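One structure below.
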Amino acid sequence: MDIEILAVCDFAQDMAGKLVIVGVFDTIFAPKLPVVHATMAIGCRLRFQPSEAGPHSFRLSILDPERREVIQPFTGDVNVQISPDGDSATFNLAAIISRIQFKVHGKHMVTLAIDEEEIKTIPLYIKLER
């Protein structure tokens, strides 16, 4: 399986198999802590090979610098099906998060796990404004 895209952004949506992502970022500047970020999204696109067809579970988490969950993880299941004339299949995941509160500054992590194995992590920095 290939992770083609994993991004924190202002907006993400799956539209008929197309992953729409707007405003990718990796840093949130806060005047003080805790800070509430009004709206953000996570967009993800996975590509599966024929040998990976079948059921899979996923978990998308945001962790603080101490690896504590910032929000309840997004979890679900997908049944990957590859058409007889296809050589792969894609799965798009778009999660909209409203009013997320960050209590500490530093390097937070957005993690993606497939079948309970963490396969990709990207940073999300929370920085105090100067």
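In the structure tokens, chains take letters A, B, ... by order of appearance, with residues numbered from 1 within each chain and ligands from 1 in the order shown.
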inquiry  = Please return, as a PyMOL selection string, all residues of stretch 49-94 of chain A that DSSP assigns to strand (DSSP E or B) on the basis of the backbone.
reply    = chain A and resi 54-63+69+74-80+89-94
Within 12 Å of stretch 67-73 of chain A: each stretch 10-44 of chain A residue with its shortest pair, only C-alpha atoms, as a tab-separated table:
residue	atom	partner	partner_atom	distance
A:Pro34	CA	A:Val70	CA	11.8
A:Val36	CA	A:Val70	CA	11.5
A:Ile42	CA	A:Pro73	CA	11.9
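For the set A:Ala16, A:Val78, A:Ile122, A:Leu6, the residue with the smallest atom-to-atom gap to A:Ala95 is A:Leu6, counting only C-alpha atoms.
Proximity to A:Leu46 was assessed for A:Leu93, A:Cys9, A:Leu128, A:Leu33 counting only C-alpha atoms; the smallest distance is recorded for A:Leu93.
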Excluding stretch 49-60 of chain A and residues on its chain fewer than 3 positions from it, collect all residues at most 8 Å away from it, counting only C-alpha atoms, and give them as a compact mmCIF listing (two decimals) with C-alpha atoms, in the first residue's frame.
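Saved to out.txt:
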# COMPACT_ATOMS: atom_id res chain seq x y z
CA MET A 1 0.00 0.00 0.00
CA PRO A 73 -9.23 9.14 16.77
CA PHE A 74 -11.15 8.76 13.52
CA THR A 75 -11.63 5.05 12.91
CA GLY A 76 -13.34 2.95 10.30
CA ASP A 77 -13.21 0.06 7.90
CA VAL A 78 -12.80 -0.15 4.16
CA ASN A 79 -13.24 -3.13 1.86
CA VAL A 80 -10.74 -2.67 -0.96
CA GLN A 81 -11.96 -4.01 -4.28
CA ILE A 82 -9.88 -3.93 -7.44
CA ASP A 87 -3.94 -2.77 -11.38
CA SER A 88 -4.72 -0.89 -8.14
CA ALA A 89 -7.46 0.82 -6.15
CA VAL A 110 -0.86 13.25 12.86
CA THR A 111 -0.68 9.47 12.56
CA LEU A 112 -2.31 7.03 10.18
CA ALA A 113 -2.61 3.37 11.13
CA ILE A 114 -3.86 0.64 8.82
CA ASP A 115 -4.81 -2.72 10.34
CA GLU A 116 -3.49 -1.45 13.70
*asked:* Residues near A:Ala94, anyone? I mean within 10 Å using only C-alpha atoms, not counting same-chain ones fewer than 5 positions away, as number ranges by chain.
replied: A: 6-7, 11-14, 19-21, 41-45
Output file for the residues above (N, CA and C atoms, as a short mmCIF file (atom, residue, chain, number, x, y, z; two decimals), in the first residue's frame):
data_model
loop_
_atom_site.label_atom_id
_atom_site.label_comp_id
_atom_site.auth_asym_id
_atom_site.auth_seq_id
_atom_site.Cartn_x
_atom_site.Cartn_y
_atom_site.Cartn_z
N LEU A 6 -1.00 12.57 2.69
CA LEU A 6 -1.47 12.74 4.06
C LEU A 6 -1.16 14.17 4.42
N ALA A 7 -2.20 15.00 4.58
CA ALA A 7 -1.98 16.43 4.78
C ALA A 7 -2.98 17.02 5.76
N PHE A 11 -9.39 22.48 4.44
CA PHE A 11 -10.59 21.79 3.96
C PHE A 11 -10.17 20.56 3.18
N ALA A 12 -10.91 19.47 3.36
CA ALA A 12 -10.70 18.25 2.58
C ALA A 12 -12.05 17.59 2.34
N GLN A 13 -12.21 17.04 1.13
CA GLN A 13 -13.47 16.37 0.79
C GLN A 13 -13.22 15.37 -0.32
N ASP A 14 -13.90 14.23 -0.23
CA ASP A 14 -13.89 13.27 -1.33
C ASP A 14 -15.09 13.59 -2.22
N LEU A 19 -9.97 13.55 -4.42
CA LEU A 19 -9.69 14.13 -3.11
C LEU A 19 -9.40 15.61 -3.29
N VAL A 20 -10.26 16.44 -2.72
CA VAL A 20 -10.10 17.89 -2.79
C VAL A 20 -9.44 18.35 -1.49
N ILE A 21 -8.30 19.04 -1.61
CA ILE A 21 -7.57 19.54 -0.45
C ILE A 21 -7.27 21.01 -0.69
N ALA A 41 -8.75 20.26 8.69
CA ALA A 41 -9.11 18.98 8.08
C ALA A 41 -7.85 18.15 7.88
N ILE A 42 -8.06 16.88 7.68
CA ILE A 42 -6.98 15.98 7.30
C ILE A 42 -7.44 15.27 6.05
N GLY A 43 -6.60 15.32 5.02
CA GLY A 43 -6.89 14.62 3.77
C GLY A 43 -5.88 13.52 3.56
N CYS A 44 -6.37 12.37 3.12
CA CYS A 44 -5.49 11.22 2.93
C CYS A 44 -5.95 10.43 1.70
N ARG A 45 -4.96 9.97 0.92
CA ARG A 45 -5.26 9.12 -0.23
C ARG A 45 -4.32 7.92 -0.18
#
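Between atom CA of A:Asp2 and atom CA of A:Ser98 there is a distance of 28.2 Å.
The space between atom CA of A:Val24 and atom CA of A:Glu117 spans 25.1 Å.
Of note, atom CA of A:Met40 and atom CA of A:Phe91 are spaced 20.4 Å apart.
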